[in-house]
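**Student:** Hey, dropping model11.cif in here, mmCIF, C-alpha atoms, pLDDT in the B column; chains and numbers go by the auth columns:
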```cif
data_protein
loop_
_atom_site.group_PDB
_atom_site.id
_atom_site.type_symbol
_atom_site.label_atom_id
_atom_site.label_comp_id
_atom_site.label_asym_id
_atom_site.label_seq_id
_atom_site.Cartn_x
_atom_site.Cartn_y
_atom_site.Cartn_z
_atom_site.B_iso_or_equiv
_atom_site.auth_seq_id
_atom_site.auth_asym_id
ATOM 1 C CA MET A 1 96.249 27.712 -12.627 62.00 1150 A
ATOM 2 C CA SER A 2 96.294 31.303 -11.521 71.00 1151 A
ATOM 3 C CA ASP A 3 94.392 32.815 -8.621 73.00 1152 A
ATOM 4 C CA ALA A 4 92.088 34.671 -10.996 71.00 1153 A
ATOM 5 C CA GLU A 5 91.239 31.499 -12.866 77.00 1154 A
ATOM 6 C CA LEU A 6 90.729 29.686 -9.594 75.00 1155 A
ATOM 7 C CA SER A 7 88.548 32.502 -8.300 75.00 1156 A
ATOM 8 C CA LEU A 8 86.595 32.530 -11.544 74.00 1157 A
ATOM 9 C CA SER A 9 86.256 28.754 -11.402 79.00 1158 A
ATOM 10 C CA ILE A 10 85.025 28.907 -7.750 77.00 1159 A
ATOM 11 C CA SER A 11 82.614 31.711 -8.681 76.00 1160 A
ATOM 12 C CA GLY A 12 81.320 29.629 -11.571 75.00 1161 A
ATOM 13 C CA MET A 13 80.854 26.620 -9.334 81.00 1162 A
ATOM 14 C CA ALA A 14 79.126 28.737 -6.691 76.00 1163 A
ATOM 15 C CA LEU A 15 76.861 30.208 -9.355 77.00 1164 A
ATOM 16 C CA GLN A 16 76.154 26.746 -10.731 81.00 1165 A
ATOM 17 C CA THR A 17 75.380 25.494 -7.190 82.00 1166 A
ATOM 18 C CA LEU A 18 73.059 28.483 -6.663 78.00 1167 A
ATOM 19 C CA ILE A 19 71.277 27.793 -9.992 81.00 1168 A
ATOM 20 C CA MET A 20 70.897 24.126 -9.103 84.00 1169 A
ATOM 21 C CA GLY A 21 69.444 25.107 -5.687 81.00 1170 A
ATOM 22 C CA ILE A 22 66.975 27.471 -7.367 81.00 1171 A
ATOM 23 C CA GLU A 23 65.964 24.768 -9.861 84.00 1172 A
ATOM 24 C CA HIS A 24 65.588 22.293 -7.016 84.00 1173 A
ATOM 25 C CA ASP A 25 63.376 24.762 -5.094 81.00 1174 A
ATOM 26 C CA ARG A 26 61.272 25.344 -8.240 83.00 1175 A
ATOM 27 C CA ARG A 27 60.775 21.608 -8.711 82.00 1176 A
ATOM 28 C CA ASP A 28 59.800 21.244 -5.041 80.00 1177 A
ATOM 29 C CA GLU A 29 57.400 24.153 -5.378 82.00 1178 A
ATOM 30 C CA ARG A 30 55.825 22.617 -8.522 79.00 1179 A
ATOM 31 C CA ARG A 31 55.489 19.266 -6.776 79.00 1180 A
ATOM 32 C CA THR A 32 53.939 20.937 -3.756 81.00 1181 A
ATOM 33 C CA THR A 33 51.469 22.815 -5.994 81.00 1182 A
ATOM 34 C CA VAL A 34 50.590 19.618 -7.866 77.00 1183 A
ATOM 35 C CA PHE A 35 50.213 17.702 -4.600 80.00 1184 A
ATOM 36 C CA LYS A 36 48.029 20.443 -3.115 82.00 1185 A
ATOM 37 C CA LYS A 37 45.820 20.425 -6.203 83.00 1186 A
ATOM 38 C CA LYS A 38 45.537 16.639 -6.058 83.00 1187 A
ATOM 39 C CA GLU A 39 44.835 16.791 -2.324 82.00 1188 A
ATOM 40 C CA GLU A 40 42.102 19.432 -2.835 85.00 1189 A
ATOM 41 C CA GLU A 41 40.582 17.372 -5.655 85.00 1190 A
ATOM 42 C CA LEU A 42 40.613 14.259 -3.477 82.00 1191 A
ATOM 43 C CA ALA A 43 39.056 16.191 -0.552 84.00 1192 A
ATOM 44 C CA ARG A 44 36.307 17.470 -2.875 86.00 1193 A
ATOM 45 C CA LYS A 45 35.649 13.958 -4.190 87.00 1194 A
ATOM 46 C CA VAL A 46 35.563 12.555 -0.641 84.00 1195 A
ATOM 47 C CA LYS A 47 33.043 15.251 0.324 87.00 1196 A
ATOM 48 C CA GLU A 48 30.896 14.453 -2.733 85.00 1197 A
ATOM 49 C CA LEU A 49 31.013 10.741 -1.895 82.00 1198 A
ATOM 50 C CA LYS A 50 30.027 11.430 1.708 86.00 1199 A
ATOM 51 C CA GLU A 51 27.068 13.537 0.541 86.00 1200 A
ATOM 52 C CA ARG A 52 25.987 10.803 -1.875 84.00 1201 A
ATOM 53 C CA ASP A 53 26.388 8.228 0.885 81.00 1202 A
ATOM 54 C CA GLU A 54 24.170 10.301 3.205 85.00 1203 A
ATOM 55 C CA GLU A 55 21.535 10.621 0.465 86.00 1204 A
ATOM 56 C CA LEU A 56 21.633 6.869 -0.133 82.00 1205 A
ATOM 57 C CA MET A 57 21.244 6.195 3.593 85.00 1206 A
ATOM 58 C CA LYS A 58 18.214 8.513 3.698 86.00 1207 A
ATOM 59 C CA ASP A 59 16.744 6.762 0.646 81.00 1208 A
ATOM 60 C CA ILE A 60 17.332 3.371 2.258 83.00 1209 A
ATOM 61 C CA GLY A 61 15.616 4.601 5.421 83.00 1210 A
ATOM 62 C CA ARG A 62 12.628 5.816 3.390 83.00 1211 A
ATOM 63 C CA CYS A 63 12.562 2.493 1.525 77.00 1212 A
ATOM 64 C CA ASN A 64 12.524 0.604 4.824 82.00 1213 A
ATOM 65 C CA GLU A 65 9.648 2.757 6.089 87.00 1214 A
ATOM 66 C CA LEU A 66 7.725 2.217 2.860 82.00 1215 A
ATOM 67 C CA GLU A 67 8.348 -1.533 2.990 86.00 1216 A
ATOM 68 C CA ALA A 68 7.015 -1.619 6.567 86.00 1217 A
ATOM 69 C CA THR A 69 3.930 0.342 5.474 86.00 1218 A
ATOM 70 C CA LEU A 70 3.509 -1.961 2.494 85.00 1219 A
ATOM 71 C CA LYS A 71 3.717 -5.029 4.759 87.00 1220 A
ATOM 72 C CA ALA A 72 1.066 -3.545 7.058 86.00 1221 A
ATOM 73 C CA LYS A 73 -1.187 -2.828 4.053 84.00 1222 A
ATOM 74 C CA GLU A 74 -0.648 -6.364 2.717 82.00 1223 A
ATOM 75 C CA ASP A 75 -1.633 -7.765 6.136 82.00 1224 A
ATOM 76 C CA GLU A 76 -4.705 -5.543 6.112 82.00 1225 A
ATOM 77 C CA LEU A 77 -5.549 -6.781 2.615 78.00 1226 A
ATOM 78 C CA GLU A 78 -5.228 -10.392 3.790 79.00 1227 A
ATOM 79 C CA MET A 79 -7.690 -9.612 6.587 80.00 1228 A
ATOM 80 C CA SER A 80 -10.018 -8.030 4.042 75.00 1229 A
ATOM 81 C CA LYS A 81 -9.821 -11.202 1.941 74.00 1230 A
ATOM 82 C CA GLY A 82 -10.969 -13.132 5.012 74.00 1231 A
ATOM 83 C CA VAL A 83 -13.850 -10.705 5.393 68.00 1232 A
ATOM 84 C CA MET A 84 -14.651 -11.224 1.708 73.00 1233 A
ATOM 85 C CA ALA A 85 -14.797 -14.974 2.262 72.00 1234 A
ATOM 86 C CA GLU A 86 -17.150 -14.370 5.182 74.00 1235 A
ATOM 87 C CA ASN A 87 -19.126 -12.023 2.956 72.00 1236 A
ATOM 88 C CA THR A 88 -19.454 -14.798 0.374 79.00 1237 A
ATOM 89 C CA GLY A 89 -20.877 -17.034 3.105 77.00 1238 A
ATOM 90 C CA LEU A 90 -23.353 -14.325 4.057 77.00 1239 A
ATOM 91 C CA GLN A 91 -24.405 -13.948 0.427 82.00 1240 A
ATOM 92 C CA ALA A 92 -24.997 -17.698 0.235 83.00 1241 A
ATOM 93 C CA ARG A 93 -27.115 -17.432 3.396 84.00 1242 A
ATOM 94 C CA VAL A 94 -29.134 -14.593 1.833 81.00 1243 A
ATOM 95 C CA ALA A 95 -29.697 -16.756 -1.254 84.00 1244 A
ATOM 96 C CA SER A 96 -30.775 -19.653 0.954 86.00 1245 A
ATOM 97 C CA LEU A 97 -33.161 -17.434 2.924 83.00 1246 A
ATOM 98 C CA THR A 98 -34.569 -16.009 -0.305 85.00 1247 A
ATOM 99 C CA ALA A 99 -35.193 -19.547 -1.623 85.00 1248 A
ATOM 100 C CA GLU A 100 -36.810 -20.515 1.682 86.00 1249 A
ATOM 101 C CA LEU A 101 -38.974 -17.408 1.530 82.00 1250 A
ATOM 102 C CA GLY A 102 -40.044 -18.383 -1.978 83.00 1251 A
ATOM 103 C CA GLN A 103 -41.047 -21.822 -0.701 88.00 1252 A
ATOM 104 C CA ARG A 104 -42.941 -20.317 2.213 82.00 1253 A
ATOM 105 C CA GLU A 105 -44.734 -17.912 -0.111 83.00 1254 A
ATOM 106 C CA MET A 106 -45.745 -20.880 -2.266 86.00 1255 A
ATOM 107 C CA GLU A 107 -46.895 -22.700 0.877 84.00 1256 A
ATOM 108 C CA ALA A 108 -48.822 -19.602 1.897 80.00 1257 A
ATOM 109 C CA VAL A 109 -50.477 -19.489 -1.534 81.00 1258 A
ATOM 110 C CA ASP A 110 -51.376 -23.170 -1.150 82.00 1259 A
ATOM 111 C CA LEU A 111 -52.745 -22.534 2.337 80.00 1260 A
ATOM 112 C CA ARG A 112 -54.830 -19.641 1.060 81.00 1261 A
ATOM 113 C CA SER A 113 -56.294 -21.923 -1.587 81.00 1262 A
ATOM 114 C CA GLU A 114 -57.155 -24.483 1.051 82.00 1263 A
ATOM 115 C CA LEU A 115 -58.659 -21.792 3.236 75.00 1264 A
ATOM 116 C CA SER A 116 -60.748 -20.530 0.381 78.00 1265 A
ATOM 117 C CA VAL A 117 -62.185 -24.000 -0.139 76.00 1266 A
ATOM 118 C CA LYS A 118 -62.889 -24.300 3.565 72.00 1267 A
ATOM 119 C CA VAL A 119 -64.523 -20.884 3.668 66.00 1268 A
ATOM 120 C CA ASP A 120 -66.846 -21.992 0.878 71.00 1269 A
ATOM 121 C CA GLU A 121 -67.658 -25.209 2.766 74.00 1270 A
ATOM 122 C CA LEU A 122 -68.277 -23.437 6.074 59.00 1271 A
ATOM 123 C CA THR A 123 -70.295 -20.514 4.726 66.00 1272 A
ATOM 124 C CA HIS A 124 -73.418 -21.891 6.405 64.00 1273 A
ATOM 125 C CA ALA A 125 -71.781 -22.402 9.784 64.00 1274 A
ATOM 126 C CA GLU A 126 -70.960 -19.175 11.614 65.00 1275 A
ATOM 127 C CA LYS A 127 -68.444 -20.687 13.993 66.00 1276 A
ATOM 128 C CA GLY A 128 -66.453 -22.316 11.229 57.00 1277 A
ATOM 129 C CA ARG A 129 -66.372 -19.076 9.222 58.00 1278 A
ATOM 130 C CA VAL A 130 -65.084 -17.038 12.166 70.00 1279 A
ATOM 131 C CA ALA A 131 -62.379 -19.648 12.894 68.00 1280 A
ATOM 132 C CA THR A 132 -61.283 -19.710 9.264 68.00 1281 A
ATOM 133 C CA ILE A 133 -61.124 -15.907 9.060 79.00 1282 A
ATOM 134 C CA SER A 134 -58.985 -15.810 12.213 85.00 1283 A
ATOM 135 C CA GLU A 135 -56.674 -18.447 10.769 84.00 1284 A
ATOM 136 C CA VAL A 136 -56.261 -16.505 7.495 84.00 1285 A
ATOM 137 C CA ALA A 137 -55.521 -13.280 9.390 88.00 1286 A
ATOM 138 C CA ALA A 138 -52.895 -15.044 11.519 88.00 1287 A
ATOM 139 C CA LEU A 139 -51.225 -16.502 8.436 85.00 1288 A
ATOM 140 C CA ASP A 140 -51.226 -13.099 6.728 88.00 1289 A
ATOM 141 C CA ASP A 141 -49.662 -11.535 9.830 89.00 1290 A
ATOM 142 C CA ALA A 142 -47.050 -14.273 9.990 87.00 1291 A
ATOM 143 C CA LEU A 143 -46.313 -13.825 6.290 88.00 1292 A
ATOM 144 C CA ARG A 144 -45.977 -10.022 6.700 90.00 1293 A
ATOM 145 C CA VAL A 145 -43.664 -10.483 9.682 89.00 1294 A
ATOM 146 C CA PHE A 146 -41.598 -13.044 7.806 87.00 1295 A
ATOM 147 C CA ARG A 147 -41.366 -10.808 4.715 87.00 1296 A
ATOM 148 C CA SER A 148 -40.433 -7.801 6.816 90.00 1297 A
ATOM 149 C CA GLU A 149 -37.710 -9.762 8.641 88.00 1298 A
ATOM 150 C CA ARG A 150 -36.403 -11.149 5.375 84.00 1299 A
ATOM 151 C CA ASP A 151 -36.378 -7.685 3.743 88.00 1300 A
ATOM 152 C CA ASN A 152 -34.521 -6.207 6.738 90.00 1301 A
ATOM 153 C CA GLU A 153 -31.951 -8.991 6.733 87.00 1302 A
ATOM 154 C CA VAL A 154 -31.407 -8.745 2.958 86.00 1303 A
ATOM 155 C CA GLU A 155 -31.019 -4.959 3.171 90.00 1304 A
ATOM 156 C CA THR A 156 -28.567 -5.202 6.094 88.00 1305 A
ATOM 157 C CA LEU A 157 -26.485 -7.805 4.283 86.00 1306 A
ATOM 158 C CA ALA A 158 -26.449 -5.725 1.084 87.00 1307 A
ATOM 159 C CA LEU A 159 -25.179 -2.685 3.033 90.00 1308 A
ATOM 160 C CA LYS A 160 -22.438 -4.767 4.660 89.00 1309 A
ATOM 161 C CA VAL A 161 -21.402 -6.166 1.292 88.00 1310 A
ATOM 162 C CA ALA A 162 -21.230 -2.671 -0.246 89.00 1311 A
ATOM 163 C CA ARG A 163 -19.118 -1.327 2.638 91.00 1312 A
ATOM 164 C CA LEU A 164 -16.751 -4.271 2.484 89.00 1313 A
ATOM 165 C CA GLU A 165 -16.309 -3.898 -1.273 90.00 1314 A
ATOM 166 C CA GLU A 166 -15.534 -0.174 -0.880 92.00 1315 A
ATOM 167 C CA ARG A 167 -12.988 -0.930 1.857 90.00 1316 A
ATOM 168 C CA ILE A 168 -11.323 -3.599 -0.285 90.00 1317 A
ATOM 169 C CA GLN A 169 -11.101 -1.216 -3.249 92.00 1318 A
ATOM 170 C CA ASP A 170 -9.527 1.448 -1.013 91.00 1319 A
ATOM 171 C CA LEU A 171 -6.973 -1.043 0.317 90.00 1320 A
ATOM 172 C CA GLU A 172 -6.122 -2.313 -3.164 89.00 1321 A
ATOM 173 C CA ALA A 173 -5.627 1.263 -4.414 90.00 1322 A
ATOM 174 C CA GLU A 174 -3.369 2.047 -1.421 89.00 1323 A
ATOM 175 C CA LEU A 175 -1.375 -1.154 -1.969 89.00 1324 A
ATOM 176 C CA TYR A 176 -0.934 -0.313 -5.660 90.00 1325 A
ATOM 177 C CA ARG A 177 0.234 3.225 -4.817 88.00 1326 A
ATOM 178 C CA LEU A 178 2.733 1.913 -2.242 87.00 1327 A
ATOM 179 C CA ASN A 179 4.061 -0.696 -4.681 87.00 1328 A
ATOM 180 C CA GLU A 180 4.577 2.034 -7.295 88.00 1329 A
ATOM 181 C CA LEU A 181 6.364 4.191 -4.715 86.00 1330 A
ATOM 182 C CA VAL A 182 8.666 1.327 -3.671 86.00 1331 A
ATOM 183 C CA VAL A 183 9.490 0.584 -7.322 86.00 1332 A
ATOM 184 C CA ALA A 184 10.240 4.270 -7.915 85.00 1333 A
ATOM 185 C CA MET A 185 12.467 4.451 -4.824 85.00 1334 A
ATOM 186 C CA LYS A 186 14.353 1.335 -5.851 83.00 1335 A
ATOM 187 C CA ALA A 187 14.806 2.740 -9.354 84.00 1336 A
ATOM 188 C CA GLU A 188 16.206 5.986 -7.915 80.00 1337 A
ATOM 189 C CA LYS A 189 18.545 4.033 -5.656 78.00 1338 A
ATOM 190 C CA VAL A 190 19.956 2.109 -8.587 65.00 1339 A
#
```
Would it be possible to restate this file's structure as structure tokens?

**Tutor:**
Amino acid sequence: MSDAELSLSISGMALQTLIMGIEHDRRDERRTTVFKKKEEELARKVKELKERDEELMKDIGRCNELEATLKAKEDELEMSKGVMAENTGLQARVASLTAELGQREMEAVDLRSELSVKVDELTHAEKGRVATISEVAALDDALRVFRSERDNEVETLALKVARLEERIQDLEAELYRLNELVVAMKAEKV
């Protein structure tokens, strides 16, 4: 082999080595570009996941607060149910007092009848008439006092019942609203 052929052969090999180096660099550059793109995509996805995780943690915190509020409202409702039971007892007492008043009114009517008979019998005796009139007046006063006390007690109990029923309705509405809110929050979380 001559020097020229050898030189040409060495030049060809050098050129081939240079081309292979360039191709190798291009492959490395493509890999680097692909890896950078993948790395950027992964970083973006990690950021998105972190943001979603933070949102979920906030939602869980709100859910916990709402559950605590709901528990407090349920406790309050339980107390209101106890008040309602007491209210039922008071209503029974009002009914009992009303029945007793009816009996006393009937007794008073009976007593008035008796007094009327006695007044007729004692018309001729002045002392007996004055005593009977005093007795009738005392019974009328007692009856008026009893009726007034009964009316006051019935009115007071009716006002208490109305206030308790309004409070219970408010608590039930608040409990319903909180239940709806908890359901909505859980649905969003899912």

**Student:** To one decimal place in Å, what is the distance between atom CA of A:Glu1321 and atom CA of A:Glu1214?

**Tutor:**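 For atom CA of A:Glu1321 relative to atom CA of A:Glu1214, the distance reads 19.0 Å.
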
**Student:** Compile the contact shell of stretch 1302-1308 of chain A as an NGL selection string: residues with an atom at most 8 Å away, counting all atoms listed in the file, same-chain residues fewer than 4 positions apart removed.

**Tutor:** :A and (1239-1240 or 1243 or 1298 or 1312)

**Student:** Could you check how far atom CA of A:Leu1205 sits from atom CA of A:Glu1337, in Å to one decimal?

**Tutor:**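 Atom CA of A:Leu1205 sits 9.5 Å away from atom CA of A:Glu1337.
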
**Student:** Smallest atom-to-atom distance to A:Ala1248: which of A:Thr1218, A:Arg1299, A:Leu1320, A:Ala1287, using only C-alpha atoms?

**Tutor:** A:Arg1299

**Student:** Hey, can you check how far atom CA of A:Arg1175 sits from atom CA of A:Leu1191?

**Tutor:**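 Pair atom CA of A:Arg1175 / atom CA of A:Leu1191 returns 23.9 Å.
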
**Student:** Sorted by chain and rising residue number, which residues of stretch 1256-1316 of chain A lie within 10 Å of stretch 1225-1231 of chain A, and what are their closest atom pairs and distances in Å to one decimal, counting all atoms listed in the file, as CSV?

**Tutor:**
```
residue,atom,partner,partner_atom,distance
A:Leu1313,CA,A:Ser1229,CA,7.9
A:Glu1314,CA,A:Ser1229,CA,9.2
A:Arg1316,CA,A:Ser1229,CA,8.0
```

**Student:** As AutoDock Vina command-line options, please report the centre and edge lengths, rounded to one decimal in Å, of the axis-aligned box that holds all listed atoms of stretch 1295-1310 of chain A with 8 Å of padding on each of the six sides.

**Tutor:**
```
--center_x -31.5 --center_y -7.9 --center_z 4.9 --size_x 36.2 --size_y 26.4 --size_z 23.6
```

**Student:** From the list A:Met1233, A:Leu1167, A:Leu1292, A:Leu1155, which residue is nearest A:Ala1311 when using only C-alpha atoms?

**Tutor:** A:Met1233

**Student:** From the options A:Met1255, A:Cys1212, A:Ile1317, A:Leu1250, which residue's atoms come nearest to A:Ala1333, counting all atoms listed in the file?

**Tutor:** A:Cys1212

**Student:** Pick out the closest residue to A:Arg1326 from this set: A:Val1266, A:Ala1291, A:Leu1219, A:Val1258. Count all atoms listed in the file.

**Tutor:**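 Residue with the minimum atom-to-atom distance to A:Arg1326: A:Leu1219.
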